[in-house]
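Next up, upload.txt (compact mmCIF, C-alpha atoms):
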```
# COMPACT_ATOMS: atom_id res chain seq x y z
CA MET A 7 23.26 -6.36 5.36
CA LEU A 8 19.89 -6.31 3.51
CA SER A 9 16.59 -8.04 4.25
CA ILE A 10 13.98 -7.69 1.50
CA LEU A 11 10.53 -8.24 2.98
CA ILE A 12 7.51 -8.97 0.77
CA PRO A 13 4.02 -9.63 2.14
CA THR A 14 1.68 -11.26 -0.36
CA TYR A 15 -1.85 -12.54 -0.74
CA HIS A 16 -3.01 -14.63 -3.69
CA PHE A 17 -0.24 -13.45 -6.01
CA ASN A 18 2.61 -14.99 -8.01
CA VAL A 19 5.71 -13.34 -6.55
CA VAL A 20 8.29 -15.48 -8.37
CA PRO A 21 9.13 -12.97 -11.17
CA LEU A 22 9.70 -10.17 -8.63
CA VAL A 23 11.86 -12.33 -6.39
CA LYS A 24 13.96 -13.58 -9.31
CA GLU A 25 14.67 -10.01 -10.43
CA LEU A 26 15.59 -8.87 -6.91
CA HIS A 27 17.70 -11.97 -6.37
CA LYS A 28 19.61 -11.35 -9.61
CA GLN A 29 20.30 -7.75 -8.63
CA CYS A 30 21.47 -8.70 -5.13
CA ILE A 31 23.85 -11.32 -6.53
CA ALA A 32 25.21 -8.77 -9.01
CA CYS A 33 25.84 -6.33 -6.14
CA ASP A 34 27.72 -9.05 -4.24
CA ILE A 35 26.05 -8.32 -0.91
CA VAL A 36 24.86 -10.29 2.08
CA PHE A 37 21.10 -10.47 1.71
CA GLU A 38 17.89 -12.39 2.22
CA ILE A 39 14.47 -12.23 0.59
CA LEU A 40 11.50 -13.22 2.75
CA VAL A 41 8.04 -13.67 1.24
CA TYR A 42 5.09 -14.45 3.52
CA ASP A 43 1.63 -15.27 2.17
CA ASP A 44 -1.07 -13.99 4.52
CA GLY A 45 -3.22 -17.13 4.68
CA SER A 46 -4.67 -16.87 1.17
CA LYS A 47 -4.70 -20.66 0.58
CA SER A 48 -4.12 -19.70 -3.05
CA GLU A 49 -3.32 -22.17 -5.81
CA LEU A 50 -0.62 -19.67 -6.85
CA ASN A 51 1.40 -20.69 -3.80
CA SER A 52 2.43 -23.86 -5.62
CA LYS A 53 4.42 -21.53 -7.88
CA ASN A 54 5.64 -19.39 -4.99
CA THR A 55 7.27 -22.41 -3.33
CA LEU A 56 9.88 -22.18 -6.10
CA ILE A 57 11.24 -19.19 -4.20
CA ASN A 58 12.66 -21.60 -1.61
CA SER A 59 15.01 -23.02 -4.26
CA LEU A 60 16.74 -19.67 -4.67
CA GLN A 61 19.79 -18.88 -2.55
CA ASN A 62 18.93 -16.83 0.58
CA CYS A 63 15.22 -16.78 -0.29
CA THR A 64 12.29 -18.03 1.79
CA PHE A 65 8.59 -18.40 1.01
CA LYS A 66 6.22 -19.13 3.86
CA GLU A 67 2.45 -19.62 3.97
CA LEU A 68 0.72 -18.42 7.12
CA PRO A 69 -2.04 -20.74 8.38
CA HIS A 70 -4.53 -17.88 8.64
CA ASN A 71 -4.87 -14.23 7.67
CA ILE A 72 -3.37 -11.81 10.21
CA GLY A 73 -3.78 -8.52 8.33
CA ARG A 74 -1.70 -6.10 6.27
CA SER A 75 0.06 -4.49 9.23
CA ALA A 76 0.73 -7.62 11.27
CA ILE A 77 2.32 -9.50 8.38
CA ARG A 78 4.79 -6.67 7.79
CA ASN A 79 5.71 -6.70 11.46
CA LEU A 80 6.11 -10.48 11.35
CA LEU A 81 8.43 -10.25 8.35
CA ALA A 82 10.61 -7.79 10.27
CA VAL A 83 10.73 -10.11 13.28
CA GLY A 84 11.88 -12.95 11.03
CA SER A 85 14.57 -10.89 9.31
CA LYS A 86 18.32 -11.20 9.92
CA TYR A 87 19.84 -7.94 8.79
CA GLU A 88 19.91 -4.29 9.80
CA ASN A 89 18.43 -2.82 6.61
CA LEU A 90 14.79 -3.69 5.92
CA LEU A 91 13.50 -3.12 2.39
CA PHE A 92 9.71 -3.47 2.28
CA LEU A 93 8.11 -4.12 -1.10
CA ASP A 94 4.57 -5.02 -2.07
CA ALA A 95 4.14 -8.24 -4.00
CA ASP A 96 2.47 -6.49 -6.93
CA VAL A 97 5.33 -4.18 -7.87
CA LYS A 98 8.42 -4.52 -10.01
CA PRO A 99 11.61 -2.42 -10.01
CA LYS A 100 11.70 0.19 -12.74
CA ASP A 101 15.49 0.26 -12.78
CA LYS A 102 17.94 -2.61 -13.32
CA ASN A 103 20.02 -0.87 -10.63
CA PHE A 104 17.12 -0.78 -8.17
CA ILE A 105 19.03 -2.53 -5.36
CA LYS A 106 22.26 -0.70 -6.16
CA ASN A 107 20.44 2.62 -5.89
CA TYR A 108 19.27 1.76 -2.38
CA LEU A 109 22.75 0.59 -1.38
CA SER A 110 24.20 3.97 -2.37
CA VAL A 111 22.20 5.76 0.35
CA LEU A 112 22.31 3.30 3.24
CA ASP A 113 23.65 6.04 5.47
CA LYS A 114 20.05 7.31 5.62
CA THR A 115 17.70 5.96 8.30
CA ILE A 116 14.48 5.89 6.24
CA ILE A 117 14.44 5.86 2.44
CA TYR A 118 11.33 6.10 0.29
CA GLY A 119 11.72 4.90 -3.28
CA GLY A 120 8.30 5.79 -4.66
CA ILE A 121 5.58 4.05 -6.65
CA ILE A 122 4.48 4.68 -10.25
CA GLU A 123 1.99 3.16 -12.67
CA LYS A 124 2.66 1.45 -15.98
CA GLU A 125 2.89 3.97 -18.82
CA LEU A 126 0.22 2.49 -21.03
CA PRO A 127 -3.34 2.45 -19.68
CA PRO A 128 -5.12 -0.90 -19.37
CA LYS A 129 -8.51 -1.63 -20.87
CA LYS A 130 -11.76 -1.20 -18.96
CA PRO A 131 -12.66 -2.01 -16.19
CA TYR A 132 -9.06 -1.61 -14.99
CA VAL A 133 -8.53 2.05 -15.90
CA LEU A 134 -9.76 3.57 -12.62
CA ARG A 135 -7.04 1.96 -10.49
CA TRP A 136 -4.35 2.80 -13.04
CA LEU A 137 -5.50 6.41 -13.31
CA TYR A 138 -5.77 6.89 -9.54
CA THR A 139 -2.25 5.60 -8.91
CA LYS A 140 -0.81 7.62 -11.78
CA LYS A 141 -2.51 10.91 -10.91
CA ARG A 142 -2.82 10.70 -7.13
CA GLU A 143 -0.84 8.02 -5.27
CA SER A 144 2.42 8.49 -7.18
CA LYS A 145 2.40 12.25 -6.53
CA LYS A 146 1.61 12.57 -2.85
CA GLY A 147 2.07 10.72 0.40
CA LEU A 148 4.34 7.90 1.44
CA HIS A 149 3.50 4.26 0.88
CA SER A 150 4.81 0.97 2.25
CA SER A 151 4.98 -0.40 -1.30
CA ASN A 152 8.66 0.54 -1.61
CA PHE A 153 10.72 1.84 1.31
CA LEU A 154 13.79 0.98 3.38
CA ILE A 155 14.21 1.47 7.11
CA LYS A 156 16.78 0.53 9.73
CA LYS A 157 15.67 -2.49 11.73
CA GLU A 158 16.41 -0.89 15.08
CA LEU A 159 14.11 2.02 14.26
CA PHE A 160 11.38 -0.24 12.90
CA ARG A 161 11.34 -2.26 16.13
CA LYS A 162 10.31 0.90 17.96
CA ASN A 163 7.89 2.11 15.27
CA ASN A 164 6.13 -0.78 13.59
CA PHE A 165 2.76 -0.98 11.83
CA ASP A 166 -0.47 -0.62 13.81
CA GLU A 167 -1.92 -4.14 13.97
CA SER A 168 -5.39 -2.95 14.93
CA LEU A 169 -5.95 -2.22 11.23
CA LEU A 170 -6.68 -5.55 9.60
CA LYS A 171 -7.96 -4.44 6.20
CA TYR A 172 -6.78 -2.16 3.41
CA GLY A 173 -6.26 1.51 4.11
CA TYR A 174 -4.33 4.08 6.18
CA GLU A 175 -1.85 1.67 7.76
CA ASP A 176 0.82 3.46 5.71
CA TYR A 177 -0.35 6.89 6.85
CA LEU A 178 -0.34 5.91 10.53
CA PHE A 179 3.15 4.44 10.23
CA PHE A 180 4.78 7.39 8.47
CA ASN A 181 2.83 9.91 10.54
CA SER A 182 4.24 8.35 13.69
CA LEU A 183 7.76 8.82 12.32
CA LYS A 184 6.94 12.40 11.36
CA LYS A 185 5.79 13.21 14.89
CA GLN A 186 9.20 12.07 16.12
CA ASN A 187 10.93 14.33 13.58
CA MET A 188 12.38 11.33 11.79
CA PRO A 189 13.53 12.50 8.34
CA VAL A 190 12.49 10.44 5.31
CA PHE A 191 14.94 10.57 2.42
CA CYS A 192 13.06 10.51 -0.89
CA LEU A 193 15.07 8.59 -3.47
CA ARG A 194 14.07 8.53 -7.13
CA ASN A 195 14.03 4.74 -7.25
CA PRO A 196 10.43 3.84 -8.06
CA ALA A 197 8.73 0.50 -8.21
CA ILE A 198 6.07 0.02 -10.86
CA HIS A 199 2.60 -1.00 -9.73
CA ASN A 200 2.43 -4.27 -11.64
CA THR A 201 -1.10 -5.57 -11.26
CA ASP A 202 -4.55 -4.54 -12.39
CA ASP A 203 -7.39 -4.11 -9.91
CA ASP A 204 -10.70 -3.90 -11.70
CA ALA A 205 -13.03 -1.08 -10.68
CA VAL A 206 -15.14 -3.26 -8.39
CA THR A 207 -12.08 -4.49 -6.49
CA PHE A 208 -10.61 -1.00 -6.18
CA ILE A 209 -13.92 0.45 -4.99
CA GLU A 210 -14.11 -2.26 -2.32
CA LYS A 211 -10.56 -1.43 -1.18
CA THR A 212 -11.42 2.26 -1.12
CA GLU A 213 -14.51 1.65 0.99
CA ASN A 214 -12.44 -0.40 3.42
CA SER A 215 -9.92 2.42 3.68
CA ILE A 216 -12.71 4.91 4.47
CA LYS A 217 -13.97 2.61 7.23
CA ASN A 218 -10.43 2.47 8.61
CA LEU A 219 -10.15 6.26 8.47
CA ILE A 220 -13.35 6.75 10.46
CA GLU A 221 -12.13 4.21 13.02
CA ILE A 222 -8.71 5.76 13.57
CA ILE A 223 -10.20 9.26 13.84
CA GLU A 224 -12.71 8.03 16.44
CA LYS A 225 -9.86 6.39 18.35
CA GLU A 226 -7.98 9.72 18.16
CA LYS A 227 -5.00 8.17 16.39
CA ILE A 228 -5.10 11.00 13.86
CA GLU A 229 -6.85 14.37 13.72
CA THR A 230 -9.90 15.03 11.57
CA LYS A 231 -8.13 17.94 9.90
CA SER A 232 -5.29 15.70 8.71
CA GLN A 233 -7.35 14.25 5.84
CA ASN A 234 -9.23 16.13 3.14
CA ILE A 235 -12.25 13.82 3.15
CA SER A 236 -12.83 14.12 6.91
CA LYS A 237 -12.32 17.90 6.76
CA LYS A 238 -14.89 18.16 3.97
CA TYR A 239 -17.37 16.10 5.95
CA GLU A 240 -17.06 18.40 8.96
CA LEU A 241 -17.67 21.42 6.72
CA LEU A 242 -20.74 19.75 5.21
CA LYS A 243 -22.01 18.83 8.66
CA ARG A 244 -21.68 22.40 9.92
CA ALA A 245 -23.57 23.58 6.83
CA LYS A 246 -26.15 20.80 7.41
CA LEU A 247 -25.44 19.38 3.96
CA ASN A 248 -24.06 15.98 4.98
CA MET A 249 -27.44 14.27 4.69
CA PHE A 250 -28.00 15.84 1.27
CA VAL A 251 -24.64 14.62 -0.06
CA ALA A 252 -25.37 11.11 1.23
CA PHE A 253 -28.78 11.23 -0.50
CA ILE A 254 -27.24 12.29 -3.84
CA TYR A 255 -24.57 9.60 -3.46
CA LYS A 256 -27.17 6.90 -2.85
CA ASN A 257 -29.22 7.88 -5.89
CA LEU A 258 -26.29 8.39 -8.24
CA ARG A 259 -24.31 5.35 -7.11
CA PRO A 260 -25.36 3.07 -10.03
CA LEU A 261 -24.35 5.75 -12.56
CA LEU A 262 -21.08 6.38 -10.74
CA ILE A 263 -20.23 2.67 -10.75
CA LYS A 264 -20.95 2.58 -14.48
CA ASN A 265 -18.53 5.45 -15.03
CA PHE A 266 -15.82 3.80 -12.93
CA ASN A 267 -16.05 0.64 -15.04
CA SER A 268 -15.72 2.59 -18.29
CA SER A 269 -12.68 3.39 -20.42
CA HIS A 270 -12.74 7.00 -19.19
CA PRO A 271 -13.48 7.04 -15.44
CA SER A 272 -13.64 10.43 -13.75
CA LEU A 273 -11.47 11.05 -10.69
CA PHE A 274 -13.71 14.01 -9.86
CA LEU A 275 -16.69 11.65 -9.64
CA PHE A 276 -14.57 9.16 -7.72
CA ASP A 277 -13.77 11.86 -5.16
CA PHE A 278 -17.49 12.56 -4.82
CA TYR A 279 -18.16 8.83 -4.42
CA LYS A 280 -15.69 8.65 -1.55
CA LEU A 281 -17.15 11.72 0.13
CA GLY A 282 -20.70 10.40 -0.28
CA TYR A 283 -19.71 7.04 1.17
CA TYR A 284 -17.97 8.76 4.09
CA CYS A 285 -21.09 10.86 4.76
CA THR A 286 -23.29 7.77 4.59
CA LEU A 287 -21.21 5.93 7.20
CA LYS A 288 -20.90 8.93 9.51
CA ASN A 289 -24.61 9.76 9.28
CA LYS A 290 -25.43 6.31 10.68
CA LYS A 291 -23.48 6.99 13.87
```

Rewritten as structure tokens:
Amino acid sequence: MLSILIPTYHFNVVPLVKELHKQCIACDIVFEILVYDDGSKSELNSKNTLINSLQNCTFKELPHNIGRSAIRNLLAVGSKYENLLFLDADVKPKDKNFIKNYLSVLDKTIIYGGIIEKELPPKKPYVLRWLYTKKRESKKGLHSSNFLIKKELFRKNNFDESLLKYGYEDYLFFNSLKKQNMPVFCLRNPAIHNTDDDAVTFIEKTENSIKNLIEIIEKEKIETKSQNISKKYELLKRAKLNMFVAFIYKNLRPLLIKNFNSSHPSLFLFDFYKLGYYCTLKNKK
């Protein structure tokens, strides 16, 4: 009936799996929970092996890193059942009826549960990630952090394995479904983002996502006009301001980084940082 698929990398997934396992048992359903570590070689995997002692649960360590898209596809290949629930390792269900809520709408082909941040803000330098998820990610777009899809459909529309690092694999996946007029049912069944990326880590992830965006636009997998940052760059380029923005970015970068590590990071400045970084990369081409 239900395969819960969790890719992980250097993370203790045991608390999440125990909660999901408890809910599945309470619902009295046929299920499995598969957790694959993407070659992290982490010391935390000694804890994750405890997952194998739980009924219908499997933890597996991959010998090497295959990437965020490929590991999700691999989990689907290894699954038994027709309903695939994808969850990120660093989330936790908000609702004690999280699984039950999904079961109530299994007549839908694709179900998006949503992602939210913890209510209370963390201390610096973790505020930027928390604020970005709370104000931006939780309010727009679809994410692979918490969604269910029929296995038959996923086989025909899996994740693009050419993207190895963080960023835009979710957009490509859901955009492909959109082009086929596949409806996504939005269910108010959020998972809580349950880990803290410090500002440095989140900036690195953001820079990787911008590199991915430039790559997939150049490969014509998406249109320039589909993303605000690429649209803004084209406007700046036509106005011959792209070099100027890159120059300002380069000179202000130390001050921007300082702000992002503070207790009150500015999302406006973070947007400028992303645009400046995008301009810098594009200007080199």

Problem - Counting only C-alpha atoms, the option among A:Asp277, A:Phe17, A:Ile12, A:Asn51 closest to Asn152 in chain A - result: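 Smallest separation from Asn152 in chain A among the options: A:Ile12.
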
Problem - Contact residues around range 101-104 of chain A with all atoms listed in the file at 10 Å, ignoring same-chain residues under 3 positions, as a VMD selection string - result: chain A and resid 25 to 26 28 to 30 32 to 33 98 107 to 109 119 194 to 198

Exercise for the section: Determine the nearest neighbour of Glu229 in chain A from the options A:Leu241, A:Lys53, A:Val206, A:Asn181, counting only C-alpha atoms. Expected result: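 Closest residue, counting only C-alpha atoms: A:Asn181.
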
Exercise for the section: Could you check which of A:Phe92, A:Tyr283, A:Tyr174, A:Phe37 is closest to Asn257 in chain A, using only C-alpha atoms? Expected result: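 Closest residue, counting only C-alpha atoms: A:Tyr283.
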
Give me, as CSV, the closest atom pair and its distance (Å, one decimal) for every residue of range 83-202 of chain A within a cut-off of 12 Å of range 260-265 of chain A, counting only C-alpha atoms, rows sorted by chain and rising number.
```
residue,atom,partner,partner_atom,distance
A:Lys130,CA,A:Asn265,CA,10.3
A:Pro131,CA,A:Asn265,CA,9.6
A:Tyr132,CA,A:Asn265,CA,11.8
A:Val133,CA,A:Asn265,CA,10.6
A:Leu134,CA,A:Asn265,CA,9.3
```

Handout entry: Selection near Ser182 in chain A, 10 Å with only C-alpha atoms, sequence-local residues under 2 positions removed, as a PyMOL selection string
Key = chain A and resi 163-165+176-180+184-188+227-228

Practice task
Kindly give the distance, in Å, that separates CA of Lys291 in chain A and CA of Glu224 in chain A, rounded to a single decimal.
Solution key: 11.1 Å

Problem - CA of Lys106 in chain A to CA of Leu60 in chain A, distance in Å rounded to a single decimal - result: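 CA of Leu60 in chain A lies at a distance of 19.8 Å from CA of Lys106 in chain A.
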
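You will find CA of Val251 in chain A at 8.8 Å from CA of Phe278 in chain A.
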
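Distances here use only C-alpha atoms; by that measure, the residue among A:Leu81, A:Pro99, A:Ser52, A:Ser236 closest to Arg161 in chain A is A:Leu81.
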
Handout entry: Shell of 10 Å around range 211-220 of chain A, all atoms listed in the file, local chain residues under 4 positions omitted, as a ChimeraX atom specification
Key = /A:168-175,177,203,205-207,224-228,230,233,235-236,279-281,283-284,287-288

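Compared by their closest atoms to Phe250 in chain A, and using only C-alpha atoms, the residues A:Ser272, A:Ser232, A:Thr286, A:Asn267 rank with A:Thr286 nearest.
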
Problem - Given all atoms listed in the file as the counted atoms, nearest of A:Gly45, A:Pro127, A:Gly84, A:Pro69 to Leu11 in chain A - result: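 Checking each of A:Gly45, A:Pro127, A:Gly84, A:Pro69 against Leu11 in chain A, counting all atoms listed in the file, the winner is A:Gly84.
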
Exercise for the section: Please provide as number ranges by chain all residues within 6 Å of Tyr42 in chain A, with the sequence filter that same-chain residues fewer than 5 positions apart are discarded (counting only C-alpha atoms). Expected result: A: 13, 65-67

Practice task
For Asp202 in chain A, work out the shell of residues within 8 Å, counting only C-alpha atoms and skipping chain neighbours fewer than 5 positions away, then give it as a PyMOL selection string.
Solution key: chain A and resi 128+132+135-136
